[in-house]
file protein-v3.cif (mmCIF, C-alpha atoms)
data_protein
loop_
_atom_site.label_atom_id
_atom_site.label_comp_id
_atom_site.auth_asym_id
_atom_site.auth_seq_id
_atom_site.Cartn_x
_atom_site.Cartn_y
_atom_site.Cartn_z
CA GLY H 1126 0.00 0.00 0.00
CA ASP H 1127 0.89 3.67 -0.08
CA SER H 1128 3.47 4.84 2.44
CA VAL H 1129 5.65 7.76 3.46
CA THR H 1130 9.20 7.60 4.81
CA GLN H 1131 10.86 10.61 6.38
CA MET H 1132 14.20 11.12 8.04
CA GLU H 1133 14.38 10.38 11.69
CA GLY H 1134 15.07 13.08 14.18
CA PRO H 1135 15.72 14.86 16.23
CA VAL H 1136 17.34 17.43 14.01
CA THR H 1137 19.18 20.08 15.99
CA LEU H 1138 20.28 23.28 14.26
CA SER H 1139 21.55 26.68 15.21
CA GLU H 1140 19.47 29.73 14.35
CA GLU H 1141 19.92 30.86 10.71
CA ALA H 1142 21.15 27.43 9.59
CA PHE H 1143 19.83 25.74 6.44
CA LEU H 1144 17.22 23.05 6.96
CA THR H 1145 16.48 19.94 4.93
CA ILE H 1146 14.09 17.22 6.08
CA ASN H 1147 13.95 14.33 3.65
CA CYS H 1148 10.69 12.67 2.65
CA THR H 1149 10.09 9.92 0.12
CA TYR H 1150 6.86 8.18 -0.76
CA THR H 1151 5.43 5.06 -2.34
CA ALA H 1152 2.11 5.34 -4.11
CA THR H 1153 0.28 3.49 -6.84
CA GLY H 1154 -1.55 6.53 -8.18
CA TYR H 1155 -0.88 10.25 -8.32
CA PRO H 1156 -1.11 11.50 -4.77
CA SER H 1157 -1.06 15.02 -3.45
CA LEU H 1158 1.80 15.67 -1.02
CA PHE H 1159 1.77 17.68 2.19
CA TRP H 1160 3.92 18.92 5.02
CA TYR H 1161 2.12 19.40 8.32
CA VAL H 1162 3.70 20.99 11.40
CA GLN H 1163 2.88 20.44 15.06
CA TYR H 1164 4.13 23.15 17.40
CA PRO H 1165 4.47 22.29 21.09
CA GLY H 1166 1.06 22.02 22.71
CA GLU H 1167 -0.81 22.68 19.48
CA GLY H 1168 -2.64 20.66 16.85
CA LEU H 1169 -1.45 19.72 13.37
CA GLN H 1170 -1.34 22.60 10.92
CA LEU H 1171 -0.91 22.43 7.18
CA LEU H 1172 2.42 24.02 6.26
CA LEU H 1173 2.42 23.52 2.49
CA LYS H 1174 1.22 21.20 -0.23
CA ALA H 1175 1.75 20.21 -3.86
CA THR H 1176 -0.82 18.45 -5.98
CA LYS H 1177 1.13 17.33 -9.05
CA ALA H 1178 4.63 16.57 -10.25
CA ASP H 1179 7.07 19.51 -10.35
CA ASP H 1180 4.77 21.69 -8.27
CA LYS H 1181 6.50 23.64 -5.53
CA GLY H 1182 4.67 24.32 -2.30
CA SER H 1183 5.85 27.22 -0.14
CA ASN H 1184 4.85 28.97 3.06
CA LYS H 1185 6.60 30.91 5.84
CA GLY H 1186 9.96 30.53 4.10
CA PHE H 1187 9.62 26.74 3.77
CA GLU H 1188 9.61 25.07 0.36
CA ALA H 1189 9.14 21.57 -1.02
CA THR H 1190 9.07 20.35 -4.63
CA TYR H 1191 7.06 17.33 -5.79
CA ARG H 1192 9.64 15.13 -7.56
CA LYS H 1193 7.95 12.23 -9.28
CA GLU H 1194 11.18 10.81 -10.71
CA THR H 1195 12.69 10.39 -7.25
CA THR H 1196 9.34 10.02 -5.41
CA SER H 1197 10.44 12.72 -3.01
CA PHE H 1198 9.09 15.84 -1.34
CA HIS H 1199 11.96 17.20 0.76
CA LEU H 1200 11.28 20.17 3.04
CA GLU H 1201 13.78 23.05 2.98
CA LYS H 1202 14.24 26.43 4.61
CA GLY H 1203 17.15 28.73 4.05
CA SER H 1204 17.40 30.21 7.55
CA VAL H 1205 15.62 28.62 10.49
CA GLN H 1206 14.45 30.47 13.58
CA VAL H 1207 13.92 29.30 17.14
CA SER H 1208 10.19 29.62 16.51
CA ASP H 1209 10.44 26.89 13.85
CA SER H 1210 11.07 24.30 16.55
CA ALA H 1211 8.32 21.74 16.10
CA VAL H 1212 7.54 18.26 14.77
CA TYR H 1213 7.20 18.11 10.98
CA PHE H 1214 5.11 15.43 9.25
CA CYS H 1215 5.24 14.52 5.58
CA ALA H 1216 1.99 13.08 4.24
CA LEU H 1217 0.24 12.02 1.07
CA SER H 1218 -3.40 11.75 0.21
CA ASP H 1219 -4.27 8.52 -1.49
CA GLY H 1220 -6.49 10.13 -4.09
CA GLY H 1221 -9.17 7.50 -3.62
CA ALA H 1222 -12.78 8.08 -2.72
CA THR H 1223 -11.79 8.82 0.85
CA ASN H 1224 -8.67 10.86 0.13
CA LYS H 1225 -7.37 10.00 3.57
CA LEU H 1226 -3.93 11.19 4.62
CA ILE H 1227 -1.03 8.78 5.11
CA PHE H 1228 1.66 10.24 7.35
CA GLY H 1229 5.32 9.65 7.97
CA THR H 1230 6.55 9.19 11.52
CA GLY H 1231 7.46 12.84 12.02
CA THR H 1232 10.77 14.67 12.48
CA LEU H 1233 11.46 16.74 15.56
CA LEU H 1234 13.32 19.96 14.78
CA ALA H 1235 15.02 21.83 17.60
CA VAL H 1236 16.53 25.21 16.75
CA GLN H 1237 18.96 26.68 19.26
CA PRO H 1238 19.64 30.41 19.59
CA GLY E 844 -14.14 31.53 12.70
CA ALA E 845 -13.79 28.64 15.08
CA GLY E 846 -11.61 25.74 14.15
CA VAL E 847 -12.13 22.06 14.85
CA SER E 848 -12.71 21.41 18.53
CA GLN E 849 -12.45 18.16 20.44
CA SER E 850 -13.46 17.12 23.91
CA PRO E 851 -12.32 16.03 26.34
CA ARG E 852 -8.71 17.06 25.78
CA TYR E 853 -7.50 14.40 28.18
CA LYS E 854 -9.13 11.20 29.28
CA VAL E 855 -7.90 8.58 31.73
CA ALA E 856 -9.80 5.29 31.67
CA LYS E 857 -9.44 2.05 33.50
CA ARG E 858 -9.01 -0.98 31.33
CA GLY E 859 -12.42 -2.30 30.37
CA GLN E 860 -14.22 1.04 30.56
CA ASP E 861 -16.07 2.54 27.62
CA VAL E 862 -15.09 6.03 26.43
CA ALA E 863 -16.66 8.55 24.06
CA LEU E 864 -14.65 11.22 22.29
CA ARG E 865 -16.34 14.19 20.67
CA CYS E 866 -15.43 16.21 17.58
CA ASP E 867 -17.01 19.50 16.48
CA PRO E 868 -15.91 20.19 12.91
CA ILE E 869 -15.72 23.55 11.22
CA SER E 870 -19.22 24.68 10.32
CA GLY E 871 -20.20 23.67 6.81
CA HIS E 872 -17.47 21.08 6.40
CA VAL E 873 -18.88 18.03 4.69
CA SER E 874 -15.97 15.66 5.29
CA LEU E 875 -14.82 14.44 8.69
CA PHE E 876 -11.89 12.16 9.47
CA TRP E 877 -10.68 10.41 12.62
CA TYR E 878 -7.01 9.51 13.08
CA GLN E 879 -5.12 7.73 15.85
CA GLN E 880 -1.63 8.92 16.78
CA ALA E 881 0.48 6.65 18.95
CA LEU E 882 3.39 8.14 20.88
CA GLY E 883 6.25 9.03 18.59
CA GLN E 884 4.35 8.06 15.44
CA GLY E 885 2.45 9.82 12.71
CA PRO E 886 -1.35 9.84 12.70
CA GLU E 887 -3.06 6.80 11.22
CA PHE E 888 -6.45 6.89 9.54
CA LEU E 889 -9.40 5.37 11.36
CA THR E 890 -12.59 6.37 9.59
CA TYR E 891 -14.21 8.90 7.23
CA PHE E 892 -17.63 10.54 7.03
CA GLN E 893 -19.25 12.47 4.24
CA ASN E 894 -22.09 14.30 5.94
CA GLU E 895 -23.78 11.61 8.06
CA ALA E 896 -22.63 8.68 5.93
CA GLN E 897 -19.66 6.67 7.14
CA LEU E 898 -18.03 5.85 3.81
CA ASP E 899 -14.80 4.32 5.02
CA LYS E 900 -14.11 2.55 8.30
CA SER E 901 -11.21 0.46 7.07
CA GLY E 902 -8.81 1.86 9.66
CA LEU E 903 -10.81 0.97 12.76
CA PRO E 904 -8.56 -1.51 14.58
CA SER E 905 -11.29 -3.70 16.05
CA ASP E 906 -15.04 -3.98 16.52
CA ARG E 907 -14.58 -2.24 19.87
CA PHE E 908 -14.24 1.02 17.93
CA PHE E 909 -17.38 2.71 16.68
CA ALA E 910 -17.94 6.16 15.18
CA GLU E 911 -21.05 8.10 14.30
CA ARG E 912 -22.08 11.45 12.88
CA PRO E 913 -25.87 11.26 13.00
CA GLU E 914 -26.72 14.79 11.82
CA GLY E 915 -23.74 15.36 9.60
CA SER E 916 -22.03 17.72 12.01
CA VAL E 917 -20.73 16.61 15.42
CA SER E 918 -19.06 13.21 15.48
CA THR E 919 -18.40 10.81 18.33
CA LEU E 920 -15.76 8.10 18.43
CA LYS E 921 -16.62 5.42 20.96
CA ILE E 922 -14.24 2.79 22.25
CA GLN E 923 -15.74 -0.09 24.17
CA ARG E 924 -13.89 -2.17 26.74
CA THR E 925 -10.73 -0.09 26.44
CA GLN E 926 -7.35 -1.83 26.38
CA GLN E 927 -3.92 -0.44 27.17
CA GLU E 928 -2.99 -0.50 23.50
CA ASP E 929 -5.78 2.01 22.86
CA SER E 930 -3.71 4.68 24.63
CA ALA E 931 -3.00 7.33 22.00
CA VAL E 932 -4.00 10.77 20.81
CA TYR E 933 -7.20 10.72 18.78
CA LEU E 934 -7.34 13.42 16.14
CA CYS E 935 -10.34 14.71 14.27
CA ALA E 936 -10.06 16.62 11.00
CA SER E 937 -12.65 18.24 8.76
CA SER E 938 -12.67 19.60 5.24
CA LEU E 939 -15.08 21.23 2.84
CA GLY E 940 -14.89 18.18 0.62
CA SER E 941 -12.80 15.05 0.59
CA VAL E 942 -10.21 16.55 -1.77
CA GLU E 943 -9.89 19.79 0.15
CA THR E 944 -7.38 20.65 2.86
CA GLN E 945 -8.01 18.87 6.15
CA TYR E 946 -8.05 21.02 9.28
CA PHE E 947 -7.15 19.24 12.48
CA GLY E 948 -8.43 19.62 16.00
CA PRO E 949 -6.13 19.64 19.05
CA GLY E 950 -6.79 15.97 19.76
CA THR E 951 -7.93 13.93 22.74
CA ARG E 952 -5.15 12.22 24.65
CA LEU E 953 -6.45 8.89 25.96
CA LEU E 954 -4.57 6.98 28.62
CA VAL E 955 -5.83 3.53 29.54
CA LEU E 956 -4.52 2.18 32.83
#
call {"tool": "encode", "arguments": {"input": "protein-v3.cif", "output": "structure tokens"}}
result
Amino acid sequence: GDSVTQMEGPVTLSEEAFLTINCTYTATGYPSLFWYVQYPGEGLQLLLKATKADDKGSNKGFEATYRKETTSFHLEKGSVQVSDSAVYFCALSDGGATNKLIFGTGTLLAVQP
Amino acid sequence: GAGVSQSPRYKVAKRGQDVALRCDPISGHVSLFWYQQALGQGPEFLTYFQNEAQLDKSGLPSDRFFAERPEGSVSTLKIQRTQQEDSAVYLCASSLGSVETQYFGPGTRLLVL
């Protein structure tokens, strides 16, 4: 079945460092891809999404490009801030009648001042 | 406007007790999803409603789990005869339609002793 694999954390960076969180997927169809973020004590929030190959999703300085040839959707940010500390989840929607989300295991990002 | 709300936020149950978890979706959202998030894992799909119809319950782990949305708005997830392995965060999400962005509630953290 469809699945998502993302790099294990925790990822610890200094403020203003470059961030990459790797995400790859397996899917039989043409899924949409998402990054969700969970800040401490809060619920899951959609960070960005891409619905077809070569689309780039972006928000709050974060970017991810839907790469069908490598089945990847890596999350990047050029300069992280302490406020970016959170758990990041890569997910796909299966595109079926339900369109349920299938999540990776999450990556904890800790940014130090 | 108000987001997705869930109650209670925390629930402690003794093994064998029945519990009921409530979800209030965003007004007007047709689609409602329940997910289960075990500690250190990504959310996993449980069930999906379109209005009052439960169209997909393939993720419910056993017949002890039951969900309903009788008037197409508020939903209740019921777990009968709780077991320790049921301990998790239960997330509710709603969307305008199944292909639209899912908005998550804060979750109910269930601990079964």
call {"tool": "resolve_selection", "arguments": {"input": "protein-v3.cif", "expression": "the PyMOL selection byres ((chain H and resi 1201-1212) around 9)", "output": "PyMOL selection string"}}
result
chain H and resi 1135+1138-1147+1161-1165+1185-1189+1199-1200+1213-1214+1231-1238
call {"tool": "atom_distance", "arguments": {"input": "protein-v3.cif", "atom1": "atom CA of Cys1148 of chain H", "atom2": "atom CA of Lys1181 of chain H"}}
result
14.3 Å
call {"tool": "atom_distance", "arguments": {"input": "protein-v3.cif", "atom1": "atom CA of Ser901 of chain E", "atom2": "atom CA of Ser1197 of chain H"}}
result
26.8 Å
call {"tool": "resolve_selection", "arguments": {"input": "protein-v3.cif", "expression": "the PyMOL selection byres ((chain E) within 6 of (chain H))", "output": "list in words"}}
result
Gln884, Gly885, Ser941, Phe947, Gly948 and Pro949 of chain E
call {"tool": "atom_distance", "arguments": {"input": "protein-v3.cif", "atom1": "atom CA of Leu875 of chain E", "atom2": "atom CA of Gln926 of chain E"}}
result
25.2 Å
call {"tool": "resolve_selection", "arguments": {"input": "protein-v3.cif", "expression": "the PyMOL selection byres ((chain E and resi 924) around 8)", "output": "mmCIF file with C-alpha atoms, in the frame of the given file"}}
result
data_model
loop_
_atom_site.group_PDB
_atom_site.id
_atom_site.type_symbol
_atom_site.label_atom_id
_atom_site.label_comp_id
_atom_site.auth_asym_id
_atom_site.auth_seq_id
_atom_site.Cartn_x
_atom_site.Cartn_y
_atom_site.Cartn_z
ATOM 1 C CA ARG E 858 -9.010 -0.980 31.330
ATOM 2 C CA GLY E 859 -12.420 -2.300 30.370
ATOM 3 C CA GLN E 860 -14.220 1.040 30.560
ATOM 4 C CA ASP E 861 -16.070 2.540 27.620
ATOM 5 C CA ARG E 907 -14.580 -2.240 19.870
ATOM 6 C CA ILE E 922 -14.240 2.790 22.250
ATOM 7 C CA GLN E 923 -15.740 -0.090 24.170
ATOM 8 C CA THR E 925 -10.730 -0.090 26.440
ATOM 9 C CA GLN E 926 -7.350 -1.830 26.380
#
call {"tool": "residues_around", "arguments": {"input": "protein-v3.cif", "residues": "Phe909 of chain E", "least_positions_apart": "2", "cutoff": "12 Å", "atoms": "all atoms listed in the file", "output": "list in words"}}
result
Asp861, Val862, Ala863, Leu864, Trp877, Leu889, Thr890, Tyr891, Gln897, Lys900, Ser901, Gly902, Leu903, Pro904, Ser905, Asp906, Arg907, Glu911, Arg912, Ser918, Thr919, Leu920, Lys921, Ile922, Gln923 and Arg924 of chain E
call {"tool": "residues_around", "arguments": {"input": "protein-v3.cif", "residues": "Leu939 of chain E", "least_positions_apart": "2", "cutoff": "9 Å", "atoms": "only C-alpha atoms", "output": "JSON, numbers by chain"}}
result
{"E": [869, 871, 872, 873, 874, 875, 937, 941, 942, 943, 944, 945]}
call {"tool": "closest_residue", "arguments": {"input": "protein-v3.cif", "among": "E:Leu956, E:Phe876, E:Ser930, E:Arg852", "to": "Phe888 of chain E", "atoms": "only C-alpha atoms"}}
result
E:Phe876
call {"tool": "residues_around", "arguments": {"input": "protein-v3.cif", "residues": "Thr1149 of chain H", "least_positions_apart": "3", "cutoff": "7 Å", "atoms": "all atoms listed in the file", "output": "PyMOL selection string"}}
result
chain H and resi 1129-1131+1196-1198
call {"tool": "decode", "arguments": {"input": "protein-v3.cif", "residues": "segment 1173-1203 of chain H", "atoms": "N, CA, C and O atoms", "output": "PDB file, in the first residue's frame"}}
result
ATOM      1  N   LEU H1173       2.432  23.313   3.933  1.00  0.00           N
ATOM      2  CA  LEU H1173       2.416  23.522   2.492  1.00  0.00           C
ATOM      3  C   LEU H1173       1.980  22.242   1.805  1.00  0.00           C
ATOM      4  O   LEU H1173       1.969  21.175   2.417  1.00  0.00           O
ATOM      5  N   LYS H1174       1.637  22.380   0.511  1.00  0.00           N
ATOM      6  CA  LYS H1174       1.219  21.200  -0.235  1.00  0.00           C
ATOM      7  C   LYS H1174       1.541  21.359  -1.706  1.00  0.00           C
ATOM      8  O   LYS H1174       1.790  22.477  -2.183  1.00  0.00           O
ATOM      9  N   ALA H1175       1.558  20.227  -2.410  1.00  0.00           N
ATOM     10  CA  ALA H1175       1.747  20.211  -3.857  1.00  0.00           C
ATOM     11  C   ALA H1175       0.868  19.108  -4.412  1.00  0.00           C
ATOM     12  O   ALA H1175       0.813  18.011  -3.851  1.00  0.00           O
ATOM     13  N   THR H1176       0.179  19.403  -5.502  1.00  0.00           N
ATOM     14  CA  THR H1176      -0.817  18.453  -5.982  1.00  0.00           C
ATOM     15  C   THR H1176      -0.393  17.680  -7.229  1.00  0.00           C
ATOM     16  O   THR H1176      -1.067  16.708  -7.595  1.00  0.00           O
ATOM     17  N   LYS H1177       0.680  18.096  -7.888  1.00  0.00           N
ATOM     18  CA  LYS H1177       1.128  17.329  -9.052  1.00  0.00           C
ATOM     19  C   LYS H1177       2.634  17.479  -9.223  1.00  0.00           C
ATOM     20  O   LYS H1177       3.270  18.361  -8.636  1.00  0.00           O
ATOM     21  N   ALA H1178       3.182  16.613 -10.049  1.00  0.00           N
ATOM     22  CA  ALA H1178       4.630  16.569 -10.253  1.00  0.00           C
ATOM     23  C   ALA H1178       5.174  17.937 -10.679  1.00  0.00           C
ATOM     24  O   ALA H1178       4.551  18.644 -11.465  1.00  0.00           O
ATOM     25  N   ASP H1179       6.320  18.276 -10.103  1.00  0.00           N
ATOM     26  CA  ASP H1179       7.072  19.506 -10.352  1.00  0.00           C
ATOM     27  C   ASP H1179       6.463  20.737  -9.692  1.00  0.00           C
ATOM     28  O   ASP H1179       7.043  21.829  -9.780  1.00  0.00           O
ATOM     29  N   ASP H1180       5.323  20.578  -9.046  1.00  0.00           N
ATOM     30  CA  ASP H1180       4.766  21.687  -8.268  1.00  0.00           C
ATOM     31  C   ASP H1180       5.674  21.981  -7.086  1.00  0.00           C
ATOM     32  O   ASP H1180       6.242  21.072  -6.480  1.00  0.00           O
ATOM     33  N   LYS H1181       5.775  23.245  -6.737  1.00  0.00           N
ATOM     34  CA  LYS H1181       6.503  23.636  -5.534  1.00  0.00           C
ATOM     35  C   LYS H1181       5.519  24.252  -4.567  1.00  0.00           C
ATOM     36  O   LYS H1181       4.814  25.209  -4.909  1.00  0.00           O
ATOM     37  N   GLY H1182       5.458  23.715  -3.354  1.00  0.00           N
ATOM     38  CA  GLY H1182       4.672  24.316  -2.299  1.00  0.00           C
ATOM     39  C   GLY H1182       5.569  25.202  -1.447  1.00  0.00           C
ATOM     40  O   GLY H1182       6.743  24.884  -1.245  1.00  0.00           O
ATOM     41  N   SER H1183       5.037  26.327  -0.967  1.00  0.00           N
ATOM     42  CA  SER H1183       5.847  27.216  -0.143  1.00  0.00           C
ATOM     43  C   SER H1183       4.972  27.956   0.847  1.00  0.00           C
ATOM     44  O   SER H1183       3.810  28.252   0.574  1.00  0.00           O
ATOM     45  N   ASN H1184       5.565  28.248   2.015  1.00  0.00           N
ATOM     46  CA  ASN H1184       4.847  28.968   3.059  1.00  0.00           C
ATOM     47  C   ASN H1184       5.834  29.288   4.171  1.00  0.00           C
ATOM     48  O   ASN H1184       6.648  28.441   4.556  1.00  0.00           O
ATOM     49  N   LYS H1185       5.786  30.492   4.691  1.00  0.00           N
ATOM     50  CA  LYS H1185       6.603  30.907   5.841  1.00  0.00           C
ATOM     51  C   LYS H1185       8.088  30.655   5.617  1.00  0.00           C
ATOM     52  O   LYS H1185       8.824  30.364   6.561  1.00  0.00           O
ATOM     53  N   GLY H1186       8.547  30.731   4.390  1.00  0.00           N
ATOM     54  CA  GLY H1186       9.955  30.526   4.095  1.00  0.00           C
ATOM     55  C   GLY H1186      10.322  29.076   3.837  1.00  0.00           C
ATOM     56  O   GLY H1186      11.444  28.777   3.436  1.00  0.00           O
ATOM     57  N   PHE H1187       9.400  28.151   4.059  1.00  0.00           N
ATOM     58  CA  PHE H1187       9.616  26.739   3.770  1.00  0.00           C
ATOM     59  C   PHE H1187       9.215  26.441   2.329  1.00  0.00           C
ATOM     60  O   PHE H1187       8.277  27.038   1.803  1.00  0.00           O
ATOM     61  N   GLU H1188       9.918  25.490   1.719  1.00  0.00           N
ATOM     62  CA  GLU H1188       9.608  25.066   0.363  1.00  0.00           C
ATOM     63  C   GLU H1188       9.750  23.561   0.255  1.00  0.00           C
ATOM     64  O   GLU H1188      10.569  22.955   0.959  1.00  0.00           O
ATOM     65  N   ALA H1189       8.971  22.977  -0.682  1.00  0.00           N
ATOM     66  CA  ALA H1189       9.144  21.567  -1.020  1.00  0.00           C
ATOM     67  C   ALA H1189       8.673  21.384  -2.448  1.00  0.00           C
ATOM     68  O   ALA H1189       7.647  21.952  -2.843  1.00  0.00           O
ATOM     69  N   THR H1190       9.407  20.583  -3.227  1.00  0.00           N
ATOM     70  CA  THR H1190       9.070  20.347  -4.627  1.00  0.00           C
ATOM     71  C   THR H1190       8.689  18.894  -4.826  1.00  0.00           C
ATOM     72  O   THR H1190       9.410  17.985  -4.382  1.00  0.00           O
ATOM     73  N   TYR H1191       7.591  18.667  -5.501  1.00  0.00           N
ATOM     74  CA  TYR H1191       7.060  17.329  -5.791  1.00  0.00           C
ATOM     75  C   TYR H1191       7.905  16.736  -6.915  1.00  0.00           C
ATOM     76  O   TYR H1191       7.815  17.165  -8.072  1.00  0.00           O
ATOM     77  N   ARG H1192       8.754  15.771  -6.592  1.00  0.00           N
ATOM     78  CA  ARG H1192       9.640  15.128  -7.564  1.00  0.00           C
ATOM     79  C   ARG H1192       9.158  13.713  -7.821  1.00  0.00           C
ATOM     80  O   ARG H1192       9.369  12.804  -7.023  1.00  0.00           O
ATOM     81  N   LYS H1193       8.488  13.546  -8.961  1.00  0.00           N
ATOM     82  CA  LYS H1193       7.950  12.228  -9.275  1.00  0.00           C
ATOM     83  C   LYS H1193       9.061  11.243  -9.619  1.00  0.00           C
ATOM     84  O   LYS H1193       8.991  10.060  -9.280  1.00  0.00           O
ATOM     85  N   GLU H1194      10.127  11.721 -10.265  1.00  0.00           N
ATOM     86  CA  GLU H1194      11.184  10.808 -10.710  1.00  0.00           C
ATOM     87  C   GLU H1194      11.942  10.192  -9.541  1.00  0.00           C
ATOM     88  O   GLU H1194      12.453   9.079  -9.648  1.00  0.00           O
ATOM     89  N   THR H1195      12.002  10.922  -8.432  1.00  0.00           N
ATOM     90  CA  THR H1195      12.690  10.387  -7.247  1.00  0.00           C
ATOM     91  C   THR H1195      11.714  10.079  -6.127  1.00  0.00           C
ATOM     92  O   THR H1195      12.126   9.712  -5.031  1.00  0.00           O
ATOM     93  N   THR H1196      10.424  10.205  -6.401  1.00  0.00           N
ATOM     94  CA  THR H1196       9.338  10.024  -5.412  1.00  0.00           C
ATOM     95  C   THR H1196       9.695  10.701  -4.097  1.00  0.00           C
ATOM     96  O   THR H1196       9.677  10.095  -3.024  1.00  0.00           O
ATOM     97  N   SER H1197      10.014  11.995  -4.194  1.00  0.00           N
ATOM     98  CA  SER H1197      10.444  12.723  -3.010  1.00  0.00           C
ATOM     99  C   SER H1197       9.712  14.046  -2.870  1.00  0.00           C
ATOM    100  O   SER H1197       9.155  14.586  -3.838  1.00  0.00           O
ATOM    101  N   PHE H1198       9.729  14.567  -1.647  1.00  0.00           N
ATOM    102  CA  PHE H1198       9.088  15.843  -1.338  1.00  0.00           C
ATOM    103  C   PHE H1198       9.836  16.426  -0.135  1.00  0.00           C
ATOM    104  O   PHE H1198       9.292  16.595   0.934  1.00  0.00           O
ATOM    105  N   HIS H1199      11.097  16.746  -0.328  1.00  0.00           N
ATOM    106  CA  HIS H1199      11.957  17.201   0.764  1.00  0.00           C
ATOM    107  C   HIS H1199      11.600  18.629   1.189  1.00  0.00           C
ATOM    108  O   HIS H1199      11.401  19.506   0.347  1.00  0.00           O
ATOM    109  N   LEU H1200      11.591  18.848   2.489  1.00  0.00           N
ATOM    110  CA  LEU H1200      11.280  20.172   3.044  1.00  0.00           C
ATOM    111  C   LEU H1200      12.570  20.953   3.261  1.00  0.00           C
ATOM    112  O   LEU H1200      13.536  20.411   3.814  1.00  0.00           O
ATOM    113  N   GLU H1201      12.589  22.220   2.831  1.00  0.00           N
ATOM    114  CA  GLU H1201      13.778  23.054   2.978  1.00  0.00           C
ATOM    115  C   GLU H1201      13.402  24.440   3.483  1.00  0.00           C
ATOM    116  O   GLU H1201      12.313  24.940   3.217  1.00  0.00           O
ATOM    117  N   LYS H1202      14.355  25.019   4.221  1.00  0.00           N
ATOM    118  CA  LYS H1202      14.240  26.425   4.607  1.00  0.00           C
ATOM    119  C   LYS H1202      15.645  26.999   4.689  1.00  0.00           C
ATOM    120  O   LYS H1202      16.540  26.364   5.256  1.00  0.00           O
ATOM    121  N   GLY H1203      15.811  28.164   4.160  1.00  0.00           N
ATOM    122  CA  GLY H1203      17.152  28.733   4.050  1.00  0.00           C
ATOM    123  C   GLY H1203      17.733  29.205   5.373  1.00  0.00           C
ATOM    124  O   GLY H1203      18.958  29.145   5.564  1.00  0.00           O
TER     125      GLY H1203
END
